[in-house]
Every structure is written in structure tokens, then in C-alpha cells.
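Enquirer: Structure in C-alpha cells, see below.
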Amino acid sequence: MPKRLASTATLPLEDRAPETQPRRAAVLLPLPLAGAYDYLIPEDLEVEPGSVVTVPLGQREVFGVVWDLLPEDGRPGAADGGGKALPLGRLRPVIDVCPVPPLTAVARRFLTWVADYTLAAPGAVLRMALSSPSALEPPRPVTLYRRAEQPLSADLRVTPARRRVLEEMEESPARPLAEIAAAAGVGTSVVKGLEKAGIVEAVSVLREARFAAPDPDRAGPALSDSQGAAAAALRQSVAAGDFSVTLLDGVTGSGKTEVYFEALAAALATGRQALVLLPEIALSAQWLQRFEARFGVAPALWHSDLTSAQRRAAWRAVACGRAPVVVGARSALFLPFPDLGLIVVDEEHEAAFKQEDGVPYHARDMAVVRAQLGGVPAVLASATPSLESLNNVRGGRYAHLRLPERHGGARLPEISLVDLRADKPPRLETPGGSPGGGQAWLSAALRGAIAETLEAGEQVLLFLNRRGYAPLTLCRACGHRLQCPNCTAWLVEHRLAGRLQCHHCGFVGRLPRSCPDCGTEGSLVACGPGVERLAEETRILFPEARTGLMTSDTLTGPDAAADLVRAVQQHEIDLLIGTQIVAKGHHFPQLTLVGVVDADLGLFGGDLRAAERTYQLLHQVAGRAGRAERPGRVLLQTSEPDHPVMQALAGGGRDAFLAAEAEARREAGLPPFGRLAAVILSSPDPGQVDAVAAALARAAPRQPGLTVLGPAPAPLAVLRGRHRRRFLVKASRGFRIQAALLPWVQAVKLPSNLRLQVDIDPYSFL
Ligand code: ADP
Ligand code: ZN
């Protein structure tokens with residue numbers, strides 16, 4: 001990389017010759033430290049703010065980012081927490097500058113902003129940005145193979161496999177071994193054999209991934225009037241090139257994706273990069289197909305299932321401006337875009353955008369911040385927008401575009417309620433005596449609808465948001481329940497995998513033959529349904545139907561997910577049973593019946609968003625039905641048919657439901673009308689965590705406009721062997737909650753094995 005002269009224009013000192021480079025750099029390290037450390041800039045290195053460098057730290061060499069260039073004597077309080085700066089002569093020197101472009105000022109401001117907002121260490125946020133350390137190193141050469149100059153000699157044995165390889169390599173540029181072998185349908189040893197014979201040669205090259213430029217001028221589908229109007233509005237906000245937020249609020253199947261593709265096209269036409277955040281990127285095969293159909297090439301992908309080589313390639317391509325469109329999970333927000341011109345957040349209401357571990361942040365909210373700092377538009381799309389976003393629309397902060405109809409005249413499905421109190425699922429006739437004793441979960445009404453749908457040659461989706469076979473295993477003799485040894489949680493039986501599993505810590509065990517408490521043999525019984533158990537029931541009731549399971553346990557990666565989606569699309573599956581994974585974005589034209597087995601799941605439990613989320617999830621699931629010519633219907637099994645959520649779903653009264661929900665939140669001073677923060681303490685030692693919690697409670701801030709509730713044992717009182725206590729901090733909307741929290745949590749000295757986590761705007765209350 002050409003070394004550029006650092007700009008001295010930002011420096012406040014007048015007494016230095018403008019062409020001399022500053023000698024002191026404040027370098028932020030991707031570690032949970034308080035701030036940046038000062039380093040000496042050697043004469044022969046040229047750095048600028050944002051340069052990615054390697055520096056010594058103790059005995060190690062670590063990556064860091066130059067956060068600031070400082071005057072020789074250090075600015076008081078600039079870098080090391082207000083202490084006196086070390087004299088220049090005692091600083092350790094920067095080792096080298098990495099061969100990647102410097103982080104832009106906007107990117108650095110964003111990282112600082114996120115750290116200030118979440119109260120995380122700036123280095124912890126930087127670590128999310130430097131998430132592919134190997135990308136910071138010089139590219140390594142790769143070995144590629146090509147046809148050698150050498151002509152084929154008469155004594156070369158040309159087997160059919162060798163012939164295919166030679167044909168494959170004819171006139172082709174050098175390619176990786178595995179790629180050639182796969183294209184020719186042979187093992188790699190065939191290519192290697194030809195290399196030995198001198199017919200093929202290996203060459204070493206520096207290869208950098210480049211994501212082909214999507215073509216913004218390819219024609220998209222002809223848009224309907226309302227789609228066209230929405231697309232024009234989005235194109236206009238991209239053309240304005242200023243910060244704006246637009247809520248694209250359209251019913252399921254209304255073509256939101258096609259509409260925001262127009263915004264992407266507009267951003268691409270200006271030559272800037274665009275980012276699309278999806279809640280479940282590993283499950284987005286259909287989305288990717290549509291992107292390719294629209295723009296001719298695949299976008300760059302960013303998610304946790306990438307290999308480290310893929311991460312490296314994507315990170316470098318983004319940093320070097322060779323990835324025009326990035327589609328990613330929430331962490332893609334921290335990629336080093338040099339020139340980001342548009343951010344789209346699809347399914348903006350999804351809880352998956354909230355990161356719970358490490359630095360807790362909400363990617364939708366931070367996307368809006370990133371857009372604001374960069375002075376670019378953001379688009380939030382959903383069929384069931386969050387109350388937060390709707391409130392911003394109401395306050396005039398966000399623009400609102402509505403798509404009230406399904407594309408192509410498809411009707412929204414008819415949703416009806418099945419009252420489980422009146423229509424109890426009839427027990428199953430099982431001559432052999434099934435282990436569940438004939439217990440069933442499908443009501444007569446739902447069974448009838450399934451039978452009709454299958455008979456008509458159409459597809460059925462049964463939705464149950466519970467992985468595994470049964471959520472609880474109980475001893476019939478003594479009532480003992482099988483619990484995770486590390487968590488306050490029941491073990492979930494996964495019968496297909498033949499094991500018990502904790503969904504919180506990942507603990508795995510075998511189902512014991514006898515009760516671990518009373519020792520009775522064969523007394524353990526499954527309680528309640530999971531999707532595996534539901535599949536057992538449908539196999540008995542509808543033995544002819546080809547059944548597919550769609551859960552995070554059966555879809556082990558993007559390929560498995562894509563395969564299943566394809567199988568449903570091609571109608572190789574009649575009856576699909578799934579957890580919330582099926583709710584997201586899939587378009588199955590022949591699916592006409594959705595049965596929600598337990599609509600009440602998730603309605604209760606101390607989560608302030610329980611009703612809102614249940615509405616969003618069930619509406620989304622319902623939206624899978626009847627997306628093409630054939631009308632769809634949805635049956636919701638509930639024991640709470642009078643609950644406002646059920647009434648809203650069945651009556652289609654979204655806006656009235658949300659207005660009532662908003663009013664209740666406003667009265668209680670809850671988000672989005674008030675602010676919340678959680679402080680969670682955890683330790684392996686319950687006595688210690690209680691003592692620290694008591695000390696924190698004594699030091700709690702007492703200010704008007706702020707209430708500190710707790711400490712209380714967390715609902716998940718023990719997680720991974722750590723005892724947990726929670727505080728909940730409530731404040732009015734305008735209150736700077738961080739300013740009150742920071743001195744508070746710093747006031748109490750924490751033992752080394754005690755962890756304190758601050759969660760601003762919490763979404764999980766476990
Ligand atoms: P949403 O995201 O609002 O649920 P989609 O964008 O997935 O809706 O659109 C639903 C289906 O309708 C998709 O298969 C999409 O390709 C199709 N579609 C939407 N708009 C158009 C259009 N203007 N022309 C052709 N097909 C369209
Ligand atoms: Zn556990």
C-alpha cells in the first residue's frame with residue numbers, strides 16, 4: 001500500500017512545521033481497556049488517523065487503530081485517562097502499518113458513539129470492527145493450476161478422467177485445484193498426475209476476492225402503482241444523499257423487497273456501497289436468488305457461518321471498496337465501509353437484531369445512528385413494524401411508506417381462532433399404545449382443515465415455536481423434573497438426536513432409564529409438545545403426507561436450509577412443521593394452510609414486548625399462507641381467544657391493537673415512551689453476587705426522573721453455573737441514562753470472578 005503523508009491539518013499546534021509528521025499516536029486496541037494507548041511513530045512509518053497498525057503490548061504484538069495523532073508532549077487527558085502522558089522518549093514504537101485502508105472518520109465516530117451509548121469499552125467495540133484479524137495481514141499467495149505450454153506427448157496415457165480435466169482447462173485461466181477437479185468431476189489426484197507429467201503447471205499468485213458489481217440498470221419487475229410510488233420515494237431519498245429514515249410498512253407479500261431493491265439500484269448508480277441487514281442471513285436462500293435475478297450477480301455475504309477465509313475475503317473486499325453490496329447479519333454494521341451510501345434493515349422488528357452477549361446493541365437502532373453519522377438514508381422494512389419505529393413515524397422523525405396490498409392480487413389469508421377450551425384435541429387411537437399415551441395437540445378443526453388442504457393437493461405449514469420432542473421430562477412416580485445442571489432451566493428432549501439438551505448453555509445428556517431422584521425404572525414421561533412430537537402425531541393422522549421439519553436443529557447450515565426451501569417450493573413436501581425459522585420471508589406459492597399449534601406460547605412471562613412480539617411472529621407466520629393465486633387460511637389454536645393479540649390477528653386490526661399497546665406503554669412509562677437499562681451481575685458464588693448486589697443497591701443513583709428497581713434474582717437465576725441478579729433502571733424518555741449509570745456501576749469494586757453487564761434498551765428480561 002502506498003504510504004500517504006498524514007494530514008497535519010487537524011492538529012491544533014501552530015509551532016510545528018506543517019510538513020513534519022507528528023511523533024505520537026493514540027492507538028486504540030481491540031481489547032476491553034479504558035481507552036487508547038500512546039505509541040511513538042517511527043520516522044520511517046507514515047500513519048494517519050484511522051490507520052490500522054501493529055504495536056507492542058507487553059510481550060505481544062497486537063493490532064490497533066490510530067485514533068488520534070497527538071503533539072509530542074501528549075495532550076493532557078487525551079489518551080491515558082487524564083494522567084500525565086509519558087514523555088516521547090519512553091514510548092514504545094508502532095511496529096508497522098497494515099496493508100488495509102485506514103478506517104474512515106465516520107467509521108471511527110460510529111465506534112465511539114456505540115461505545116458511549118452501550119457503556120462498553122471502546123476497544124470492545126473496535127474488536128467487532130476488526131473481526132477478521134487475518135484480513136489485516138498482507139494477502140498470502142495461493143496456488144492455481146493452468147495448462148502448461150508443453151504439448152501432449154504420444155506416450156501420455158489420456159484416461160477419460162484426464163481428458164475431462166484437459167477439456168476443462170483448455171483456454172481457461174489458472175484456477176484452484178479443487179475447483180478444476182470439481183468442474184471435471186474427478187479427484188484432485190488426477191490434476192496432480194497431469195502436473196507430474198508436465199502437462200499442467202502450478203502458479204503462485206496473490207489473489208484478492210472481488211465481488212462483481214451488481215448492475216443497477218438491469219430491469220426489475222414492473223412495479224404496481226403503490227410499489228412504484230414507494231420505490232420513487234426511496235430513490236429520491238438516496239438521490240438527496242442526506243440522512244433520512246423511511247419505514248417501509250407493507251403487508252406480507254406486498255413486494256417490500258422489490259421496492260427496496262430500487263433503493264439499492266439508486267445507491268449503486270451513484271457508485272456508493274450499500275448494506276442490507278437481514279435477521280437470519282443463513283436462511284435467506286430465496287432472498288439471494290431474488291437479488292441475483294435483479295442485479296445479475298451475488299452480493300457479498302457477512303454472517304457467523306462464514307469460514308475464516310470467507311470472512312477475510314469479505315472484510316478486505318468491503319474495506320477496499322470491492323464489495324458494492326453487502327448482505328449481512330447485525331455484525332455487518334461494523335464492517336469498514338469506505339463509502340457507505342445506504343442501509344436497509346429488513347424485518348426491522350425482529351429481536352434477532354439485538355445482540356445479547358459481549359457488547360449488547362440493537363443493530364436496527366445502531367444502523368440509524370450509522371446512517372446519521374454518515375449522512376445517508378436508512379430504510380426499515382417490515383409487515384409488523386416495532387412500536388419504536390411507529391412512534392418515530394408519529395413523531396415525524398421517520399417517513400412512512402405503506403404497501404397495503406399483496407402483489408398480483410393475492411389476498412391476505414383469512415385468520416380464524418380455534419378455542420382450545422371448547423375444541424380439545426381428541427386423543428389418538430394408537431393400537432400399539434404410543435409412549436405419549438395417545439396425547440395429541442391438533443384440534444378436530446385443524447385436523448379437518450389439514451385433511452382438506454392435502455386432499456386439494458396443496459401444502460400445509462404447522463407452526464410450533466418449540467424445538468425438540470418435549471419441553472419437559474417428568475417422573476410419573478415422584479414428580480421430579482429433569483433440569484440442567486448448569487442453569488435454572490428444564491432439559492429439552494431431542495428424540496431424533498437421542499438426547500436431552502439445555503437450550504441456554506448447550507448442555508447435552510442422555511435420557512436416563514430410571515428417575516435420577518427416586519430411582520423408579522421407566523417412569524420418565526415427556527410433557528408438552530415440541531416439533532418432533534408434533535411430527536409423530538401428523539404421521540399417525542396423515543400417514544400419506546410427505547413431512548418436513550424446519551428447525552435450527554434440522555437446518556444445520558445455509559445449504560441444508562436452501563435444500564429444504566427448494567423441496568417445499570417444488571412440492572416435494574406436503575406438510576411442513578417448523579419453529580420461528582419458517583416465519584421469515586419464505587415464499588411458498590402452493591402453501592395455503594397455516595396452523596398455529598399453540599398461539600399462546602410467548603404471550604406470558606415478564607417481557608414488556610410479549611404481546612407485541614406474539615402479534616409480530618404470528619402475523620409473520622400467517623403471512624406464509626396463500627401468497628399466490630390460491631387463497632390462504634390460517635387457524636390459530638388458543639386458550640385465550642379474547643386476548644387483544646388474538647382479536648387483532650383474527651380481526652386484522654393491527655393499527656388498533658398497536659395503538660392500544662402503545663397507550664399502555666405510555667401510561668407505564670415504558671419504551672418507546674420511557675427508557676430502560678438492565679444491570680446484570682453474575683458469579684459462580686451466590687453469596688458474593690448477593691453482597692455486590694447489596695452494595696450496588698446502596699450506591700444506586702437517586703435522581704428525579706430515574707427509578708432503580710432491584711436487585712432481584714434473574715428469571716434465569718443460574719446460567720452456565722453462574723448465579724444472576726438483575727437491576728432494572730427506568731427513566732423518562734429524555735433522560736441521559738448513561739450519565740447516571742456510569743458513575744454508579746463504577747462506584748463499587750468488583751471481585752475478579754464477578755461479571756457486571758449493562759444492557760441499555762434491554763429486549764431480554766431473563
Ligand atoms: P414482502 O417482502 O413484502 O413479503 P416480497 O417482496 O417477498 O414481499 O414479494 C412477494 C412475492 O411477490 C415475491 O415472489 C416477489 O417476487 C413477487 N413480486 C412482488 N412485487 C412484484 C412485481 N412488481 N412484479 C412481479 N413480482 C412481484
Ligand atoms: Zn444449561
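Each chain in the C-alpha cells gets a letter, A, B and so on, in the order shown; residues start at 1 in every chain, and ligands are counted from 1 in the order they appear.
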Which protein, DNA or RNA residues have an atom within 7 Å of ligand 1, counting only C-alpha atoms and all ligand atoms, as a list in words?

Expert: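 If we count only C-alpha atoms and all ligand atoms, the neighbours of ligand 1 turn out to be Pro221, Ala222, Leu223, Ser224, Gln227, Gly250, Val251, Thr252, Gly253, Ser254, Gly255, Lys256, Thr257, Glu258, Ala383, His407, Gly585 and His587 of chain A.
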
Enquirer: Grab the residues selected above and save them as a compact mmCIF listing (two decimals), in the first residue's frame with C-alpha atoms.

Expert:
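So the final result, stored in selection-v6.txt, reads:
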# COMPACT_ATOMS: atom_id res chain seq x y z
CA PRO A 221 -40.20 -6.41 -12.41
CA ALA A 222 -42.85 -3.94 -13.50
CA LEU A 223 -43.99 -2.35 -10.27
CA SER A 224 -47.58 -1.79 -9.31
CA GLN A 227 -44.93 -0.15 -5.27
CA GLY A 250 -46.16 -3.30 3.77
CA VAL A 251 -48.30 -6.38 4.34
CA THR A 252 -46.65 -9.77 3.84
CA GLY A 253 -46.24 -10.43 0.12
CA SER A 254 -46.66 -6.79 -0.88
CA GLY A 255 -43.25 -6.66 -2.56
CA LYS A 256 -41.21 -4.74 0.02
CA THR A 257 -38.07 -6.49 -1.20
CA GLU A 258 -38.67 -5.48 -4.81
CA ALA A 383 -45.04 -6.02 7.76
CA HIS A 407 -48.71 -8.20 -5.05
CA GLY A 585 -39.60 -14.24 4.43
CA HIS A 587 -42.41 -17.50 -0.34

Enquirer: Around ligand 2, at most 8 Å away and counting only C-alpha atoms and all ligand atoms, which residues are there? Put them as a list in words, please.

Expert: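 If we count only C-alpha atoms and all ligand atoms, the neighbours of ligand 2 turn out to be Cys484, Pro485, Asn486, Cys487, Thr488, Ala489, Leu491, Gln501, Cys502, His503, His504, Cys505, Gly506, Phe507, Leu719, Arg720 and Gly721 of chain A.
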
Enquirer: Kindly save the residues from that selection, with N, CA and C atoms included, as a JSON list (two decimals), in the first residue's frame.

Expert:
[["chain", "number", "residue", "atom", "x", "y", "z"],
["A", 484, "CYS", "N", -31.39, -28.78, 33.90],
["A", 484, "CYS", "CA", -30.00, -28.59, 33.50],
["A", 484, "CYS", "C", -29.13, -28.45, 34.75],
["A", 485, "PRO", "N", -27.98, -29.14, 34.78],
["A", 485, "PRO", "CA", -27.10, -28.99, 35.96],
["A", 485, "PRO", "C", -26.48, -27.60, 36.06],
["A", 486, "ASN", "N", -26.49, -26.82, 34.98],
["A", 486, "ASN", "CA", -25.82, -25.51, 35.00],
["A", 486, "ASN", "C", -26.77, -24.33, 35.00],
["A", 487, "CYS", "N", -28.05, -24.58, 34.75],
["A", 487, "CYS", "CA", -28.98, -23.45, 34.55],
["A", 487, "CYS", "C", -30.30, -23.70, 35.26],
["A", 488, "THR", "N", -31.03, -22.64, 35.53],
["A", 488, "THR", "CA", -32.40, -22.75, 36.02],
["A", 488, "THR", "C", -33.30, -23.00, 34.81],
["A", 489, "ALA", "N", -33.22, -24.17, 34.24],
["A", 489, "ALA", "CA", -33.99, -24.44, 33.01],
["A", 489, "ALA", "C", -34.23, -25.95, 32.90],
["A", 491, "LEU", "N", -34.52, -29.50, 30.96],
["A", 491, "LEU", "CA", -33.85, -30.11, 29.81],
["A", 491, "LEU", "C", -34.89, -30.47, 28.77],
["A", 501, "GLN", "N", -31.22, -31.80, 26.08],
["A", 501, "GLN", "CA", -30.41, -30.64, 25.77],
["A", 501, "GLN", "C", -30.88, -29.43, 26.56],
["A", 502, "CYS", "N", -29.94, -28.62, 27.00],
["A", 502, "CYS", "CA", -30.29, -27.33, 27.60],
["A", 502, "CYS", "C", -30.19, -26.28, 26.51],
["A", 503, "HIS", "N", -31.28, -25.55, 26.28],
["A", 503, "HIS", "CA", -31.27, -24.55, 25.22],
["A", 503, "HIS", "C", -30.58, -23.26, 25.64],
["A", 504, "HIS", "N", -30.15, -23.21, 26.89],
["A", 504, "HIS", "CA", -29.47, -21.98, 27.34],
["A", 504, "HIS", "C", -27.96, -22.12, 27.34],
["A", 505, "CYS", "N", -27.44, -23.28, 27.79],
["A", 505, "CYS", "CA", -25.98, -23.40, 27.89],
["A", 505, "CYS", "C", -25.43, -24.45, 26.94],
["A", 506, "GLY", "N", -26.30, -25.19, 26.27],
["A", 506, "GLY", "CA", -25.80, -26.21, 25.34],
["A", 506, "GLY", "C", -25.49, -27.54, 26.01],
["A", 507, "PHE", "N", -25.79, -27.69, 27.30],
["A", 507, "PHE", "CA", -25.55, -28.96, 27.97],
["A", 507, "PHE", "C", -26.28, -30.09, 27.22],
["A", 719, "LEU", "N", -27.26, -19.47, 35.26],
["A", 719, "LEU", "CA", -26.99, -19.68, 33.84],
["A", 719, "LEU", "C", -25.53, -20.07, 33.70],
["A", 720, "ARG", "N", -25.30, -21.21, 33.05],
["A", 720, "ARG", "CA", -23.93, -21.72, 32.89],
["A", 720, "ARG", "C", -23.20, -21.74, 34.22],
["A", 721, "GLY", "N", -23.89, -22.11, 35.26],
["A", 721, "GLY", "CA", -23.25, -22.23, 36.56],
["A", 721, "GLY", "C", -23.02, -20.90, 37.27]]

Enquirer: Just want the 6 Å neighbourhood of stretch 55-70 of chain A, counted on only C-alpha atoms, with same-chain residues fewer than 4 positions away dropped. Output as a list in words.

Expert: Arg24, Ala25, Ala26, Val27, Leu28, Leu29, Pro49, Gly50, Ser51, Gly74, Val94 and Ile95 of chain A

Enquirer: Calculate how many Å separate atom CA of A:Ile281 from atom CA of A:Pro558, rounding to one decimal.

Expert: 8.4 Å

Enquirer: Choose the residue, out of A:Tyr361, A:Trp302, A:Phe657, A:Phe295, that has the smallest atom-to-atom separation from A:Leu335; count only C-alpha atoms.

Expert: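 Result for the nearest residue to A:Leu335: A:Trp302.
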
Enquirer: Write out as a ChimeraX atom specification each polymer residue whose atoms come within 9 Å of A:Thr270, counting only C-alpha atoms; drop sequence neighbours fewer than 4 positions from it.

Expert: /A:238-239,265-266,341

Enquirer: Write to file, as an mmCIF file, in the first residue's frame, the residues of the selection just made, with N, CA and C atoms.

Expert:
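Here's the written file out18.cif:
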data_model
loop_
_atom_site.group_PDB
_atom_site.id
_atom_site.type_symbol
_atom_site.label_atom_id
_atom_site.label_comp_id
_atom_site.auth_asym_id
_atom_site.auth_seq_id
_atom_site.Cartn_x
_atom_site.Cartn_y
_atom_site.Cartn_z
ATOM 1 N N VAL A 238 -32.387 8.479 -1.653
ATOM 2 C CA VAL A 238 -30.998 8.130 -1.972
ATOM 3 C C VAL A 238 -30.354 9.256 -2.771
ATOM 4 N N ALA A 239 -31.108 9.785 -3.732
ATOM 5 C CA ALA A 239 -30.564 10.859 -4.563
ATOM 6 C C ALA A 239 -30.261 12.100 -3.727
ATOM 7 N N ALA A 265 -30.543 -0.070 -6.169
ATOM 8 C CA ALA A 265 -30.127 0.285 -7.528
ATOM 9 C C ALA A 265 -29.723 1.755 -7.589
ATOM 10 N N ALA A 266 -30.484 2.596 -6.901
ATOM 11 C CA ALA A 266 -30.167 4.029 -6.923
ATOM 12 C C ALA A 266 -28.827 4.291 -6.239
ATOM 13 N N GLY A 341 -23.412 4.248 1.284
ATOM 14 C CA GLY A 341 -24.390 5.235 0.820
ATOM 15 C C GLY A 341 -25.833 4.926 1.184
#

Enquirer: I'd like the neighbourhood of A:Thr707 as a list in words, where a residue qualifies if any of its atoms comes within 9 Å (using only C-alpha atoms), though same-chain residues fewer than 3 positions away should be ignored.

Expert: Pro701, Arg702, Gln703, Pro704, Leu728, Val729, Lys730 and Ala731 of chain A

Enquirer: Those same residues, written as a PDB file, in the first residue's frame with N, CA and C atoms?

Expert:
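Listing of again11.pdb after writing:
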ATOM      1  N   PRO A 701     -28.195   5.469  42.128  1.00  0.00           N
ATOM      2  CA  PRO A 701     -28.445   6.896  41.947  1.00  0.00           C
ATOM      3  C   PRO A 701     -29.874   7.253  42.361  1.00  0.00           C
ATOM      4  N   ARG A 702     -29.994   8.370  43.029  1.00  0.00           N
ATOM      5  CA  ARG A 702     -31.336   8.865  43.387  1.00  0.00           C
ATOM      6  C   ARG A 702     -31.507  10.204  42.705  1.00  0.00           C
ATOM      7  N   GLN A 703     -32.212  10.189  41.617  1.00  0.00           N
ATOM      8  CA  GLN A 703     -32.415  11.427  40.862  1.00  0.00           C
ATOM      9  C   GLN A 703     -33.852  11.453  40.383  1.00  0.00           C
ATOM     10  N   PRO A 704     -34.404  12.673  40.298  1.00  0.00           N
ATOM     11  CA  PRO A 704     -35.756  12.736  39.728  1.00  0.00           C
ATOM     12  C   PRO A 704     -35.729  12.252  38.285  1.00  0.00           C
ATOM     13  N   LEU A 728     -33.205  -3.240  37.259  1.00  0.00           N
ATOM     14  CA  LEU A 728     -33.831  -2.611  36.100  1.00  0.00           C
ATOM     15  C   LEU A 728     -33.899  -1.107  36.374  1.00  0.00           C
ATOM     16  N   VAL A 729     -33.378  -0.327  35.465  1.00  0.00           N
ATOM     17  CA  VAL A 729     -33.362   1.120  35.624  1.00  0.00           C
ATOM     18  C   VAL A 729     -34.369   1.720  34.653  1.00  0.00           C
ATOM     19  N   LYS A 730     -35.294   2.508  35.212  1.00  0.00           N
ATOM     20  CA  LYS A 730     -36.326   3.152  34.380  1.00  0.00           C
ATOM     21  C   LYS A 730     -36.085   4.643  34.386  1.00  0.00           C
ATOM     22  N   ALA A 731     -36.218   5.249  33.230  1.00  0.00           N
ATOM     23  CA  ALA A 731     -36.043   6.701  33.184  1.00  0.00           C
ATOM     24  C   ALA A 731     -37.012   7.283  32.176  1.00  0.00           C
TER      25      ALA A 731
END

Enquirer: Using only C-alpha atoms, which of the listed residues (A:Ala668, A:Ala317, A:Val369, A:Ala451) sits closest to A:Trp113?

Expert: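 Among A:Ala668, A:Ala317, A:Val369, A:Ala451, it is A:Val369 that comes nearest to A:Trp113.
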
Enquirer: Find the residues around A:Pro102 up to 10 Å (only C-alpha atoms counted), leave out those fewer than 3 positions away in its own chain, and share them as number ranges by chain.

Expert: A: 47-53, 65-66, 97-99, 105, 107-108, 319-320, 336, 338

Enquirer: Which of stretch 21-154 of chain A counts as helix (DSSP H, G or I) under DSSP, as a VMD selection string please?

Expert: chain A and resid 88 to 90 105 to 118 122 to 129 133 to 136

Enquirer: Residues of the last selection are to be written out with N, CA, C and O atoms, as a compact mmCIF listing (two decimals), in the first residue's frame.

Expert:
# COMPACT_ATOMS: atom_id res chain seq x y z
N LEU A 88 7.89 11.40 25.22
CA LEU A 88 8.03 10.73 23.93
C LEU A 88 9.12 9.65 23.96
O LEU A 88 8.95 8.56 23.42
N GLY A 89 10.22 9.99 24.62
CA GLY A 89 11.37 9.08 24.63
C GLY A 89 11.07 7.74 25.30
O GLY A 89 11.77 6.76 25.08
N ARG A 90 10.03 7.69 26.13
CA ARG A 90 9.75 6.43 26.84
C ARG A 90 8.65 5.62 26.17
O ARG A 90 8.28 4.55 26.64
N ALA A 105 -13.20 8.52 9.14
CA ALA A 105 -13.59 9.29 10.32
C ALA A 105 -15.01 8.91 10.75
O ALA A 105 -15.29 8.80 11.94
N VAL A 106 -15.89 8.65 9.78
CA VAL A 106 -17.26 8.27 10.13
C VAL A 106 -17.26 6.92 10.85
O VAL A 106 -17.94 6.75 11.87
N ALA A 107 -16.47 5.98 10.35
CA ALA A 107 -16.42 4.66 10.98
C ALA A 107 -15.90 4.79 12.41
O ALA A 107 -16.42 4.15 13.33
N ARG A 108 -14.90 5.65 12.61
CA ARG A 108 -14.37 5.80 13.97
C ARG A 108 -15.37 6.51 14.87
O ARG A 108 -15.54 6.15 16.03
N ARG A 109 -16.03 7.51 14.33
CA ARG A 109 -17.04 8.20 15.15
C ARG A 109 -18.15 7.24 15.55
O ARG A 109 -18.67 7.28 16.65
N PHE A 110 -18.49 6.34 14.61
CA PHE A 110 -19.54 5.36 14.89
C PHE A 110 -19.12 4.45 16.05
O PHE A 110 -19.89 4.21 16.97
N LEU A 111 -17.90 3.94 16.00
CA LEU A 111 -17.44 3.04 17.06
C LEU A 111 -17.46 3.75 18.41
O LEU A 111 -17.90 3.19 19.42
N THR A 112 -17.02 5.01 18.42
CA THR A 112 -17.02 5.77 19.67
C THR A 112 -18.45 5.98 20.16
O THR A 112 -18.75 5.85 21.35
N TRP A 113 -19.34 6.28 19.21
CA TRP A 113 -20.74 6.52 19.57
C TRP A 113 -21.34 5.27 20.22
O TRP A 113 -22.01 5.34 21.25
N VAL A 114 -21.11 4.10 19.59
CA VAL A 114 -21.66 2.85 20.12
C VAL A 114 -21.10 2.57 21.51
O VAL A 114 -21.82 2.17 22.42
N ALA A 115 -19.80 2.82 21.68
CA ALA A 115 -19.19 2.60 23.00
C ALA A 115 -19.82 3.51 24.04
O ALA A 115 -20.17 3.08 25.14
N ASP A 116 -19.98 4.79 23.70
CA ASP A 116 -20.59 5.73 24.65
C ASP A 116 -22.02 5.33 24.98
O ASP A 116 -22.46 5.43 26.11
N TYR A 117 -22.75 4.88 23.97
CA TYR A 117 -24.16 4.57 24.18
C TYR A 117 -24.35 3.29 25.00
O TYR A 117 -25.19 3.23 25.89
N THR A 118 -23.55 2.26 24.67
CA THR A 118 -23.73 0.98 25.34
C THR A 118 -22.92 0.90 26.63
O THR A 118 -23.02 -0.08 27.36
N PRO A 122 -14.38 1.20 24.50
CA PRO A 122 -14.22 1.46 23.06
C PRO A 122 -13.47 0.32 22.37
O PRO A 122 -13.80 -0.04 21.23
N GLY A 123 -12.50 -0.27 23.05
CA GLY A 123 -11.74 -1.36 22.45
C GLY A 123 -12.61 -2.58 22.18
O GLY A 123 -12.38 -3.33 21.23
N ALA A 124 -13.63 -2.79 23.04
CA ALA A 124 -14.52 -3.93 22.83
C ALA A 124 -15.36 -3.71 21.57
O ALA A 124 -15.69 -4.65 20.85
N VAL A 125 -15.70 -2.45 21.31
CA VAL A 125 -16.47 -2.15 20.10
C VAL A 125 -15.54 -2.24 18.88
O VAL A 125 -15.91 -2.78 17.84
N LEU A 126 -14.31 -1.76 19.05
CA LEU A 126 -13.35 -1.86 17.94
C LEU A 126 -13.14 -3.32 17.54
O LEU A 126 -12.98 -3.63 16.37
N ARG A 127 -13.16 -4.20 18.55
CA ARG A 127 -12.95 -5.61 18.23
C ARG A 127 -14.03 -6.14 17.28
O ARG A 127 -13.79 -6.99 16.46
N MET A 128 -15.23 -5.60 17.40
CA MET A 128 -16.29 -6.03 16.48
C MET A 128 -15.98 -5.56 15.06
O MET A 128 -16.41 -6.16 14.09
N ALA A 129 -15.25 -4.44 14.95
CA ALA A 129 -14.92 -3.93 13.62
C ALA A 129 -13.71 -4.66 13.03
O ALA A 129 -13.64 -4.89 11.82
N PRO A 133 -9.05 -10.83 11.95
CA PRO A 133 -7.65 -10.40 12.10
C PRO A 133 -6.78 -10.76 10.90
O PRO A 133 -5.90 -9.99 10.53
N SER A 134 -7.07 -11.90 10.27
CA SER A 134 -6.21 -12.28 9.16
C SER A 134 -6.37 -11.34 7.97
O SER A 134 -5.51 -11.25 7.11
N ALA A 135 -7.48 -10.60 7.94
CA ALA A 135 -7.69 -9.65 6.85
C ALA A 135 -6.72 -8.48 6.95
O ALA A 135 -6.52 -7.74 6.00
N LEU A 136 -6.12 -8.30 8.13
CA LEU A 136 -5.24 -7.16 8.33
C LEU A 136 -3.82 -7.48 7.89
O LEU A 136 -2.97 -6.61 7.82

Enquirer: Interatomic distance between atom CA of A:Pro413 and atom CA of A:Gly632?

Expert: 4.5 Å

Enquirer: Please, what distance in Å, to one decimal, runs between atom CA of A:Ala410 and atom CA of A:Val634?

Expert: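 Computed distance, atom CA of A:Ala410 to atom CA of A:Val634, equals 14.9 Å.
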
Enquirer: Considering only C-alpha atoms, state which residue in the set A:Asp242, A:Glu46, A:Glu149, A:Glu544 is at the smallest distance from A:Leu342.

Expert: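 The closest residue to A:Leu342 is A:Asp242.
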
Enquirer: Give me, as a list in words, the residues of stretch 585-615 of chain A that a backbone DSSP run labels strand (DSSP E or B).

Expert: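 Checking each residue of stretch 585-615 of chain A, the strand (DSSP E or B) ones are Leu591, Thr592, Leu593, Val594, Gly595 and Val596 of chain A.
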
Enquirer: Hey, what's within 12 Å of A:Ala697 if we count only C-alpha atoms and toss same-chain stuff fewer than 2 positions away? As a list in words, please?

Expert: Val679, Leu681, Asp690, Ala691, Val692, Ala693, Ala694, Ala695, Ala699, Ala700, Pro701, Arg702, Thr707, Val708, Leu709, Gly710, Pro711, Ala712, Arg725, Arg726, Phe727, Leu728, Val729, Trp744, Val745, Ala747 and Val748 of chain A
